[in-house]
Amino acid sequence: MAGTEEKTQEGADSTKTGAATKPAELSNYDIVNHWFQVAADRLDLAGDLATVLRTSYREVQVQLPIKLTDGQIHVFSGFRVQHNGARGPYKGGIRYHPEVDLDEVRALASLMSWKTAIVGVPYGGAKGGINVPARELETHELEKLTRSFMDKIDRVIGPTRDIPAPDVNTNAQTMAWMMDEYGKLHGHTPACVTGKPIALGGSYGREAATGRGVVYCYREAAPQLGLTPPETRVAVQGFGNVGSWAARIMQHLGCTIVAVSDHTGSIHREQGIDSEDLKRHLDEGGELSDYDKADHISAEEFLGTDCEVFIPAALGGMIHADNADLIKAKVVLEGANSPTTPQADQILSDRGVLIIPDVLANAGGVVVSYFEWVQNLQHFRWDEREVNDKLGTIMRRAYREVNARARQDEVSLRTAAFELGIERVVEAARTRGYV
Ligand code: NAD
């Protein structure tokens, strides 16, 4: 493995001062189950139905022994969890991270079932991952690992069965390897994964889609809060796919990106960080921690940034009971999955902070993945404007439906979103005769 990465005591993917950490005791599984239970209680779901909905349909765990360049065989575990398929083929990303385990993948798979239902795309929910320190592997090692993973899960994958996509530390290249490996076993099948490179049947607009969806949610929420882009200062936690696109699109809209953090540190600049320039710096091999056009600050200072919008776009559980008080934003726009623990959610809500939940805010990715799948099945391609317009229509509709439900029932956007998602899954499952 190339280089070694120290793990912090807290267990987050944070290696240097300035990157946020999270408490080890709170898993994504606890967080997601909590929100599910709140909505299930409000919907008065019978206990057996709630158990069916909480439990995954299929959980696959495979052993991935890979000989790395150090000459040693390293054994990684790969997971694919299919949570609920009542509304269509399973759909969800693949995460490469040392903290990936069955519980985390289970939790993320169930979030996908509610998310696809909330935005109304015809999929069930799934998630996958490998417990690997991906940043330490060479590209050819990652390719070997990815191909081996697909070889071992291919029987449960396919355009009408289960369609993976990128997530943390995976990208279009990872999807290209997965599609290629699947093709060797089943014939050329671009619709077996989404988030592919454009040259291999990827969709225009997919790479930016999750970040763009986050921004559509901001645009819906801003008038309610009396915010306009020139008056909106933004802090973005995580500057990977979701965070960097959300920052760039917010900046294009006229907002000011005042703070950014990633696993190497945190930066601040009151007059605005040029997120295009920061992205170029990272693409050229630089790190956020050596970016010299902003001030370097601590993780606590980053969380306490004076801003209107805080976008968590890193890992789960990063906003927790011990640091939620630091956040000064009016809106927390959850680009990441499960970034806010239930205790932190309570602290923020009590202070009147609007939380736009993950299952709504980051659903743009799966919406454009759906468009990519549709284009692949039709052997046809839409231009980027068409993709973005269709994404906007779906995100606006979903936001308005969730918002209307929240107002009608006097609940948070999160509870309203979970209620809507769960109801739609239950309706599909009942109509099929599953429950
Ligand atoms: P990514 O791997 O592209 O980026 C992750 C970012 O998080 C990196 O910038 C990394 O440095 C940062 N990070 C890691 N540890 C950190 C720490 N301790 N403090 C601050 N930053 C830290 O991943 P991504 O695809 O952008 O996914 C980010 C989040 O968004 C995840 O929760 C993922 O599940 C969710 N999500 C992604 C998509 C998608 O389409 N990629 C869709 C929906 C939700």
# chains A, B, ... in the order shown; residues from 1 in each chain; ligands from 1
$ residues_near_ligand --ligand "ligand 1" --cutoff "6 Å" --atoms "only C-alpha atoms and all ligand atoms" --output "NGL selection string"
:A and (12-14 or 19-21 or 166-169 or 210 or 237-243 or 261-263 or 313-316 or 335-337 or 362 or 365)
$ residues_around --residues "Ala428 of chain A" --least-positions-apart "6" --cutoff "9 Å" --atoms "only C-alpha atoms" --output "PDB file with all heavy atoms, in the first residue's frame"
ATOM      1  N   ALA A  86     -39.664  -3.247  -3.588  1.00  0.00           N
ATOM      2  CA  ALA A  86     -41.086  -3.186  -3.958  1.00  0.00           C
ATOM      3  C   ALA A  86     -41.327  -2.204  -5.109  1.00  0.00           C
ATOM      4  O   ALA A  86     -42.179  -2.432  -5.956  1.00  0.00           O
ATOM      5  CB  ALA A  86     -41.926  -2.789  -2.744  1.00  0.00           C
ATOM      6  N   ARG A  87     -40.552  -1.116  -5.170  1.00  0.00           N
ATOM      7  CA  ARG A  87     -40.828  -0.083  -6.166  1.00  0.00           C
ATOM      8  C   ARG A  87     -40.004  -0.225  -7.455  1.00  0.00           C
ATOM      9  O   ARG A  87     -40.191   0.561  -8.379  1.00  0.00           O
ATOM     10  CB  ARG A  87     -40.620   1.319  -5.562  1.00  0.00           C
ATOM     11  CG  ARG A  87     -41.565   1.627  -4.396  1.00  0.00           C
ATOM     12  CD  ARG A  87     -41.434   3.050  -3.878  1.00  0.00           C
ATOM     13  NE  ARG A  87     -41.748   4.021  -4.910  1.00  0.00           N
ATOM     14  CZ  ARG A  87     -40.866   4.624  -5.699  1.00  0.00           C
ATOM     15  NH1 ARG A  87     -39.567   4.379  -5.542  1.00  0.00           N
ATOM     16  NH2 ARG A  87     -41.244   5.472  -6.619  1.00  0.00           N
ATOM     17  N   TYR A 434     -46.980  -8.235  -1.030  1.00  0.00           N
ATOM     18  CA  TYR A 434     -45.849  -8.654  -0.182  1.00  0.00           C
ATOM     19  C   TYR A 434     -46.187  -8.566   1.299  1.00  0.00           C
ATOM     20  O   TYR A 434     -45.648  -9.297   2.115  1.00  0.00           O
ATOM     21  CB  TYR A 434     -44.640  -7.743  -0.388  1.00  0.00           C
ATOM     22  CG  TYR A 434     -43.895  -7.884  -1.702  1.00  0.00           C
ATOM     23  CD1 TYR A 434     -42.872  -6.991  -2.008  1.00  0.00           C
ATOM     24  CD2 TYR A 434     -44.206  -8.881  -2.621  1.00  0.00           C
ATOM     25  CE1 TYR A 434     -42.178  -7.092  -3.195  1.00  0.00           C
ATOM     26  CE2 TYR A 434     -43.510  -8.983  -3.814  1.00  0.00           C
ATOM     27  CZ  TYR A 434     -42.495  -8.084  -4.100  1.00  0.00           C
ATOM     28  OH  TYR A 434     -41.820  -8.159  -5.260  1.00  0.00           O
TER      29      TYR A 434
END
$ atom_distance --atom1 "atom CA of Asp345 of chain A" --atom2 "atom CA of His252 of chain A"
29.2 Å
$ closest_atom_pairs --of "segment 327-430 of chain A" --to "segment 218-231 of chain A" --cutoff "12 Å" --atoms "only C-alpha atoms" --output "JSON lines"
{"residue": "A:Ala329", "atom": "CA", "partner": "A:Leu225", "partner_atom": "CA", "distance": 11.6}
{"residue": "A:Lys330", "atom": "CA", "partner": "A:Leu225", "partner_atom": "CA", "distance": 8.2}
{"residue": "A:Val331", "atom": "CA", "partner": "A:Tyr218", "partner_atom": "CA", "distance": 8.6}
{"residue": "A:Val332", "atom": "CA", "partner": "A:Tyr218", "partner_atom": "CA", "distance": 9.7}
{"residue": "A:Leu333", "atom": "CA", "partner": "A:Tyr218", "partner_atom": "CA", "distance": 7.5}
{"residue": "A:Glu334", "atom": "CA", "partner": "A:Tyr218", "partner_atom": "CA", "distance": 10.6}
{"residue": "A:Gly335", "atom": "CA", "partner": "A:Tyr218", "partner_atom": "CA", "distance": 11.2}
{"residue": "A:Gly352", "atom": "CA", "partner": "A:Leu225", "partner_atom": "CA", "distance": 10.9}
{"residue": "A:Val353", "atom": "CA", "partner": "A:Leu225", "partner_atom": "CA", "distance": 10.2}
{"residue": "A:Leu354", "atom": "CA", "partner": "A:Ala221", "partner_atom": "CA", "distance": 8.9}
{"residue": "A:Ile355", "atom": "CA", "partner": "A:Ala221", "partner_atom": "CA", "distance": 10.1}
{"residue": "A:Ile356", "atom": "CA", "partner": "A:Tyr218", "partner_atom": "CA", "distance": 8.6}
{"residue": "A:Pro357", "atom": "CA", "partner": "A:Tyr218", "partner_atom": "CA", "distance": 11.7}
{"residue": "A:Leu360", "atom": "CA", "partner": "A:Tyr218", "partner_atom": "CA", "distance": 11.3}
{"residue": "A:Ala361", "atom": "CA", "partner": "A:Tyr218", "partner_atom": "CA", "distance": 8.7}
{"residue": "A:Asn362", "atom": "CA", "partner": "A:Tyr218", "partner_atom": "CA", "distance": 11.4}
{"residue": "A:Gly392", "atom": "CA", "partner": "A:Arg219", "partner_atom": "CA", "distance": 10.3}
{"residue": "A:Thr393", "atom": "CA", "partner": "A:Glu220", "partner_atom": "CA", "distance": 11.6}
{"residue": "A:Met395", "atom": "CA", "partner": "A:Glu220", "partner_atom": "CA", "distance": 9.2}
{"residue": "A:Arg396", "atom": "CA", "partner": "A:Glu220", "partner_atom": "CA", "distance": 6.9}
{"residue": "A:Arg397", "atom": "CA", "partner": "A:Glu220", "partner_atom": "CA", "distance": 9.9}
{"residue": "A:Ala398", "atom": "CA", "partner": "A:Glu220", "partner_atom": "CA", "distance": 10.4}
{"residue": "A:Tyr399", "atom": "CA", "partner": "A:Glu220", "partner_atom": "CA", "distance": 7.2}
{"residue": "A:Arg400", "atom": "CA", "partner": "A:Glu220", "partner_atom": "CA", "distance": 8.0}
{"residue": "A:Glu401", "atom": "CA", "partner": "A:Glu220", "partner_atom": "CA", "distance": 11.6}
{"residue": "A:Val402", "atom": "CA", "partner": "A:Glu220", "partner_atom": "CA", "distance": 11.4}
{"residue": "A:Asn403", "atom": "CA", "partner": "A:Ala221", "partner_atom": "CA", "distance": 9.2}
{"residue": "A:Leu413", "atom": "CA", "partner": "A:Ala221", "partner_atom": "CA", "distance": 11.1}
$ write_last_selection --atoms "N, CA, C and O atoms" --output "JSON list (two decimals), in the first residue's frame"
[["chain", "number", "residue", "atom", "x", "y", "z"],
["A", 329, "ALA", "N", -25.14, 28.50, 11.19],
["A", 329, "ALA", "CA", -25.94, 28.66, 9.96],
["A", 329, "ALA", "C", -27.43, 28.64, 10.25],
["A", 329, "ALA", "O", -27.87, 28.13, 11.28],
["A", 330, "LYS", "N", -28.22, 29.20, 9.30],
["A", 330, "LYS", "CA", -29.68, 29.13, 9.41],
["A", 330, "LYS", "C", -30.20, 27.84, 8.80],
["A", 330, "LYS", "O", -31.31, 27.41, 9.07],
["A", 331, "VAL", "N", -29.40, 27.28, 7.87],
["A", 331, "VAL", "CA", -29.83, 26.09, 7.15],
["A", 331, "VAL", "C", -28.70, 25.06, 7.14],
["A", 331, "VAL", "O", -27.55, 25.40, 6.84],
["A", 332, "VAL", "N", -29.03, 23.82, 7.45],
["A", 332, "VAL", "CA", -28.08, 22.72, 7.25],
["A", 332, "VAL", "C", -28.64, 21.89, 6.09],
["A", 332, "VAL", "O", -29.74, 21.34, 6.16],
["A", 333, "LEU", "N", -27.87, 21.88, 5.01],
["A", 333, "LEU", "CA", -28.32, 21.22, 3.77],
["A", 333, "LEU", "C", -27.52, 19.93, 3.65],
["A", 333, "LEU", "O", -26.34, 19.95, 3.30],
["A", 334, "GLU", "N", -28.15, 18.80, 3.94],
["A", 334, "GLU", "CA", -27.41, 17.55, 4.08],
["A", 334, "GLU", "C", -27.04, 16.92, 2.73],
["A", 334, "GLU", "O", -27.80, 16.10, 2.19],
["A", 335, "GLY", "N", -25.87, 17.29, 2.22],
["A", 335, "GLY", "CA", -25.36, 16.64, 1.01],
["A", 335, "GLY", "C", -24.91, 15.22, 1.30],
["A", 335, "GLY", "O", -25.07, 14.30, 0.49],
["A", 352, "GLY", "N", -34.01, 26.70, 15.88],
["A", 352, "GLY", "CA", -34.69, 27.21, 14.68],
["A", 352, "GLY", "C", -33.90, 27.03, 13.40],
["A", 352, "GLY", "O", -34.23, 27.63, 12.37],
["A", 353, "VAL", "N", -32.86, 26.19, 13.44],
["A", 353, "VAL", "CA", -32.10, 25.93, 12.20],
["A", 353, "VAL", "C", -32.93, 25.00, 11.33],
["A", 353, "VAL", "O", -33.46, 24.00, 11.81],
["A", 354, "LEU", "N", -33.05, 25.35, 10.06],
["A", 354, "LEU", "CA", -33.78, 24.48, 9.13],
["A", 354, "LEU", "C", -32.84, 23.39, 8.63],
["A", 354, "LEU", "O", -31.77, 23.69, 8.08],
["A", 355, "ILE", "N", -33.23, 22.13, 8.82],
["A", 355, "ILE", "CA", -32.41, 21.02, 8.33],
["A", 355, "ILE", "C", -33.10, 20.42, 7.11],
["A", 355, "ILE", "O", -34.24, 19.93, 7.22],
["A", 356, "ILE", "N", -32.42, 20.48, 5.98],
["A", 356, "ILE", "CA", -32.98, 19.85, 4.77],
["A", 356, "ILE", "C", -32.32, 18.47, 4.69],
["A", 356, "ILE", "O", -31.10, 18.36, 4.51],
["A", 357, "PRO", "N", -33.10, 17.41, 4.91],
["A", 357, "PRO", "CA", -32.51, 16.10, 5.19],
["A", 357, "PRO", "C", -31.91, 15.42, 3.96],
["A", 357, "PRO", "O", -32.36, 15.65, 2.84],
["A", 360, "LEU", "N", -33.76, 13.92, 0.96],
["A", 360, "LEU", "CA", -34.28, 14.88, -0.02],
["A", 360, "LEU", "C", -33.11, 15.63, -0.67],
["A", 360, "LEU", "O", -32.97, 15.67, -1.90],
["A", 361, "ALA", "N", -32.25, 16.20, 0.17],
["A", 361, "ALA", "CA", -31.23, 17.13, -0.33],
["A", 361, "ALA", "C", -30.23, 16.47, -1.28],
["A", 361, "ALA", "O", -29.78, 17.10, -2.24],
["A", 362, "ASN", "N", -29.85, 15.20, -1.02],
["A", 362, "ASN", "CA", -28.82, 14.61, -1.89],
["A", 362, "ASN", "C", -29.40, 13.63, -2.91],
["A", 362, "ASN", "O", -28.67, 12.85, -3.52],
["A", 392, "GLY", "N", -34.23, 19.49, -12.18],
["A", 392, "GLY", "CA", -34.84, 20.62, -11.45],
["A", 392, "GLY", "C", -36.33, 20.37, -11.21],
["A", 392, "GLY", "O", -36.84, 20.61, -10.11],
["A", 393, "THR", "N", -37.02, 19.88, -12.24],
["A", 393, "THR", "CA", -38.46, 19.63, -12.10],
["A", 393, "THR", "C", -38.71, 18.63, -10.98],
["A", 393, "THR", "O", -39.58, 18.83, -10.11],
["A", 395, "MET", "N", -36.65, 17.70, -8.44],
["A", 395, "MET", "CA", -36.22, 18.16, -7.11],
["A", 395, "MET", "C", -37.20, 19.19, -6.54],
["A", 395, "MET", "O", -37.51, 19.17, -5.35],
["A", 396, "ARG", "N", -37.67, 20.09, -7.41],
["A", 396, "ARG", "CA", -38.62, 21.11, -6.93],
["A", 396, "ARG", "C", -39.92, 20.44, -6.44],
["A", 396, "ARG", "O", -40.43, 20.76, -5.38],
["A", 397, "ARG", "N", -40.38, 19.48, -7.26],
["A", 397, "ARG", "CA", -41.62, 18.78, -6.87],
["A", 397, "ARG", "C", -41.43, 18.05, -5.53],
["A", 397, "ARG", "O", -42.26, 18.15, -4.63],
["A", 398, "ALA", "N", -40.30, 17.35, -5.41],
["A", 398, "ALA", "CA", -40.07, 16.59, -4.17],
["A", 398, "ALA", "C", -39.99, 17.55, -2.98],
["A", 398, "ALA", "O", -40.58, 17.30, -1.92],
["A", 399, "TYR", "N", -39.24, 18.65, -3.16],
["A", 399, "TYR", "CA", -39.11, 19.60, -2.05],
["A", 399, "TYR", "C", -40.49, 20.11, -1.62],
["A", 399, "TYR", "O", -40.83, 20.18, -0.44],
["A", 400, "ARG", "N", -41.30, 20.49, -2.63],
["A", 400, "ARG", "CA", -42.61, 21.07, -2.30],
["A", 400, "ARG", "C", -43.52, 20.05, -1.63],
["A", 400, "ARG", "O", -44.26, 20.38, -0.70],
["A", 401, "GLU", "N", -43.45, 18.79, -2.09],
["A", 401, "GLU", "CA", -44.28, 17.77, -1.46],
["A", 401, "GLU", "C", -43.87, 17.54, -0.01],
["A", 401, "GLU", "O", -44.71, 17.44, 0.88],
["A", 402, "VAL", "N", -42.57, 17.47, 0.21],
["A", 402, "VAL", "CA", -42.08, 17.24, 1.58],
["A", 402, "VAL", "C", -42.41, 18.44, 2.46],
["A", 402, "VAL", "O", -42.89, 18.29, 3.60],
["A", 403, "ASN", "N", -42.21, 19.64, 1.92],
["A", 403, "ASN", "CA", -42.48, 20.86, 2.68],
["A", 403, "ASN", "C", -43.97, 20.96, 3.04],
["A", 403, "ASN", "O", -44.32, 21.30, 4.17],
["A", 413, "LEU", "N", -38.86, 18.64, 8.23],
["A", 413, "LEU", "CA", -38.75, 18.15, 6.85],
["A", 413, "LEU", "C", -38.30, 16.69, 6.85],
["A", 413, "LEU", "O", -38.71, 15.91, 6.02]]
$ residues_around --residues "Asn388 of chain A" --least-positions-apart "2" --cutoff "10 Å" --atoms "only C-alpha atoms" --output "short mmCIF file (atom, residue, chain, number, x, y, z; two decimals) with N, CA, C and O atoms, in the first residue's frame"
data_model
loop_
_atom_site.label_atom_id
_atom_site.label_comp_id
_atom_site.auth_asym_id
_atom_site.auth_seq_id
_atom_site.Cartn_x
_atom_site.Cartn_y
_atom_site.Cartn_z
N TYR A 204 -24.68 13.05 -19.40
CA TYR A 204 -24.29 14.43 -19.12
C TYR A 204 -25.00 14.84 -17.84
O TYR A 204 -26.15 14.48 -17.62
N GLY A 205 -24.31 15.55 -17.02
CA GLY A 205 -24.93 16.08 -15.80
C GLY A 205 -24.90 15.14 -14.61
O GLY A 205 -25.24 15.54 -13.51
N ARG A 206 -24.48 13.87 -14.78
CA ARG A 206 -24.51 12.94 -13.64
C ARG A 206 -23.48 13.31 -12.58
O ARG A 206 -23.75 13.26 -11.39
N ALA A 208 -22.26 16.09 -11.67
CA ALA A 208 -22.62 17.25 -10.84
C ALA A 208 -23.97 17.09 -10.15
O ALA A 208 -24.37 17.93 -9.34
N ALA A 209 -24.69 15.99 -10.47
CA ALA A 209 -26.12 15.93 -10.14
C ALA A 209 -26.43 16.03 -8.64
O ALA A 209 -27.39 16.70 -8.26
N ARG A 212 -25.88 19.54 -7.61
CA ARG A 212 -26.90 20.40 -8.22
C ARG A 212 -28.24 20.24 -7.50
O ARG A 212 -28.96 21.20 -7.27
N GLY A 213 -28.55 19.00 -7.13
CA GLY A 213 -29.80 18.75 -6.39
C GLY A 213 -29.80 19.47 -5.05
O GLY A 213 -30.82 20.01 -4.61
N GLY A 364 -30.50 14.22 -5.81
CA GLY A 364 -30.23 14.55 -7.22
C GLY A 364 -29.37 13.50 -7.92
O GLY A 364 -29.51 13.26 -9.13
N VAL A 368 -30.48 11.58 -11.48
CA VAL A 368 -29.78 11.57 -12.77
C VAL A 368 -29.23 10.17 -13.08
O VAL A 368 -29.08 9.80 -14.24
N ASP A 383 -29.11 15.94 -24.00
CA ASP A 383 -28.04 16.91 -23.75
C ASP A 383 -28.11 17.38 -22.29
O ASP A 383 -29.08 17.10 -21.57
N GLU A 384 -27.07 18.09 -21.87
CA GLU A 384 -26.95 18.41 -20.44
C GLU A 384 -28.09 19.30 -19.95
O GLU A 384 -28.59 19.14 -18.84
N ARG A 385 -28.50 20.24 -20.84
CA ARG A 385 -29.56 21.15 -20.40
C ARG A 385 -30.85 20.36 -20.10
O ARG A 385 -31.53 20.62 -19.11
N GLU A 386 -31.14 19.38 -20.96
CA GLU A 386 -32.34 18.58 -20.76
C GLU A 386 -32.26 17.81 -19.43
O GLU A 386 -33.23 17.75 -18.66
N LYS A 390 -34.76 18.52 -16.26
CA LYS A 390 -35.60 17.43 -15.73
C LYS A 390 -35.26 17.20 -14.24
O LYS A 390 -36.15 16.92 -13.43
N LEU A 391 -33.98 17.31 -13.91
CA LEU A 391 -33.59 17.17 -12.50
C LEU A 391 -34.26 18.25 -11.66
O LEU A 391 -34.81 17.98 -10.59
N GLY A 392 -34.23 19.49 -12.18
CA GLY A 392 -34.84 20.62 -11.45
C GLY A 392 -36.33 20.37 -11.21
O GLY A 392 -36.84 20.61 -10.11
N THR A 393 -37.02 19.88 -12.24
CA THR A 393 -38.46 19.63 -12.10
C THR A 393 -38.71 18.63 -10.98
O THR A 393 -39.58 18.83 -10.11
N ILE A 394 -37.93 17.55 -10.96
CA ILE A 394 -38.15 16.50 -9.95
C ILE A 394 -37.78 17.00 -8.56
O ILE A 394 -38.50 16.77 -7.58
#
$ closest_atom_pairs --of "segment 73-133 of chain A" --to "segment 53-63 of chain A" --cutoff "7 Å" --atoms "only C-alpha atoms" --output "JSON lines"
{"residue": "A:Val75", "atom": "CA", "partner": "A:Gln63", "partner_atom": "CA", "distance": 6.7}
{"residue": "A:Phe76", "atom": "CA", "partner": "A:Gln63", "partner_atom": "CA", "distance": 6.1}
{"residue": "A:Ser77", "atom": "CA", "partner": "A:Gln63", "partner_atom": "CA", "distance": 4.9}
{"residue": "A:Gly78", "atom": "CA", "partner": "A:Val62", "partner_atom": "CA", "distance": 5.1}
{"residue": "A:Phe79", "atom": "CA", "partner": "A:Gln61", "partner_atom": "CA", "distance": 4.6}
{"residue": "A:Arg80", "atom": "CA", "partner": "A:Val60", "partner_atom": "CA", "distance": 5.2}
{"residue": "A:Val81", "atom": "CA", "partner": "A:Glu59", "partner_atom": "CA", "distance": 4.4}
{"residue": "A:Gln82", "atom": "CA", "partner": "A:Arg58", "partner_atom": "CA", "distance": 5.1}
{"residue": "A:His83", "atom": "CA", "partner": "A:Ser56", "partner_atom": "CA", "distance": 4.0}
{"residue": "A:Asn84", "atom": "CA", "partner": "A:Tyr57", "partner_atom": "CA", "distance": 6.0}
{"residue": "A:Arg106", "atom": "CA", "partner": "A:Ser56", "partner_atom": "CA", "distance": 6.9}
$ write_last_selection --atoms "C-alpha atoms" --output "mmCIF file, in the first residue's frame"
data_model
loop_
_atom_site.group_PDB
_atom_site.id
_atom_site.type_symbol
_atom_site.label_atom_id
_atom_site.label_comp_id
_atom_site.auth_asym_id
_atom_site.auth_seq_id
_atom_site.Cartn_x
_atom_site.Cartn_y
_atom_site.Cartn_z
ATOM 1 C CA VAL A 75 -8.108 -9.620 2.459
ATOM 2 C CA PHE A 76 -10.888 -7.054 2.157
ATOM 3 C CA SER A 77 -14.618 -7.580 2.726
ATOM 4 C CA GLY A 78 -17.115 -6.494 0.092
ATOM 5 C CA PHE A 79 -20.809 -5.947 0.775
ATOM 6 C CA ARG A 80 -23.943 -5.464 -1.277
ATOM 7 C CA VAL A 81 -27.179 -5.006 0.622
ATOM 8 C CA GLN A 82 -30.543 -4.916 -1.147
ATOM 9 C CA HIS A 83 -33.002 -3.353 1.245
ATOM 10 C CA ASN A 84 -36.414 -3.147 -0.402
ATOM 11 C CA ARG A 106 -27.543 -1.801 5.694
#
$ residues_around --residues "segment 321-323 of chain A" --least-positions-apart "5" --cutoff "9 Å" --atoms "only C-alpha atoms" --output "VMD selection string"
chain A and resid 23 300 303 341 to 347
$ atom_distance --atom1 "atom CA of Ile422 of chain A" --atom2 "atom CA of Val156 of chain A"
24.1 Å
$ atom_distance --atom1 "atom CA of Pro65 of chain A" --atom2 "atom CA of Glu138 of chain A"
15.8 Å
$ residues_around --residues "segment 42-44 of chain A" --least-positions-apart "6" --cutoff "9 Å" --atoms "only C-alpha atoms" --output "list in words"
Thr415, Glu419, Ile422 and Glu423 of chain A
$ write_last_selection --atoms "N, CA, C and O atoms" --output "PDB file, in the first residue's frame"
ATOM      1  N   THR A 415     -38.836  14.270   9.137  1.00  0.00           N
ATOM      2  CA  THR A 415     -39.925  13.339   9.472  1.00  0.00           C
ATOM      3  C   THR A 415     -40.915  13.270   8.314  1.00  0.00           C
ATOM      4  O   THR A 415     -41.382  12.188   7.937  1.00  0.00           O
ATOM      5  N   GLU A 419     -41.801   9.948   6.228  1.00  0.00           N
ATOM      6  CA  GLU A 419     -43.208   9.489   6.171  1.00  0.00           C
ATOM      7  C   GLU A 419     -43.625   9.258   4.721  1.00  0.00           C
ATOM      8  O   GLU A 419     -44.205   8.218   4.394  1.00  0.00           O
ATOM      9  N   ILE A 422     -41.724   6.185   3.228  1.00  0.00           N
ATOM     10  CA  ILE A 422     -42.193   4.902   3.786  1.00  0.00           C
ATOM     11  C   ILE A 422     -43.594   4.582   3.249  1.00  0.00           C
ATOM     12  O   ILE A 422     -43.866   3.458   2.816  1.00  0.00           O
ATOM     13  N   GLU A 423     -44.466   5.581   3.217  1.00  0.00           N
ATOM     14  CA  GLU A 423     -45.836   5.353   2.707  1.00  0.00           C
ATOM     15  C   GLU A 423     -45.819   4.814   1.288  1.00  0.00           C
ATOM     16  O   GLU A 423     -46.578   3.907   0.942  1.00  0.00           O
TER      17      GLU A 423
END
$ residues_around --residues "Thr146 of chain A" --least-positions-apart "3" --cutoff "7 Å" --atoms "only C-alpha atoms" --output "compact mmCIF listing (two decimals) with N, CA and C atoms, in the first residue's frame"
# COMPACT_ATOMS: atom_id res chain seq x y z
N LEU A 142 -6.74 -0.66 -7.14
CA LEU A 142 -8.18 -0.39 -7.03
C LEU A 142 -8.94 -1.10 -8.17
N GLU A 143 -8.32 -1.11 -9.35
CA GLU A 143 -8.97 -1.77 -10.49
C GLU A 143 -9.13 -3.27 -10.20
N PHE A 149 -14.53 -7.63 -6.98
CA PHE A 149 -15.82 -7.41 -6.30
C PHE A 149 -16.97 -7.72 -7.27
N MET A 150 -16.90 -7.15 -8.48
CA MET A 150 -17.98 -7.39 -9.45
C MET A 150 -18.09 -8.87 -9.80
N THR A 174 -14.33 3.92 -11.47
CA THR A 174 -14.73 2.69 -10.76
C THR A 174 -15.92 2.04 -11.47
N TRP A 177 -14.87 0.21 -14.67
CA TRP A 177 -14.33 -1.13 -14.40
C TRP A 177 -15.47 -2.11 -14.09
N MET A 178 -16.43 -1.62 -13.30
CA MET A 178 -17.55 -2.52 -12.93
C MET A 178 -18.34 -2.92 -14.17
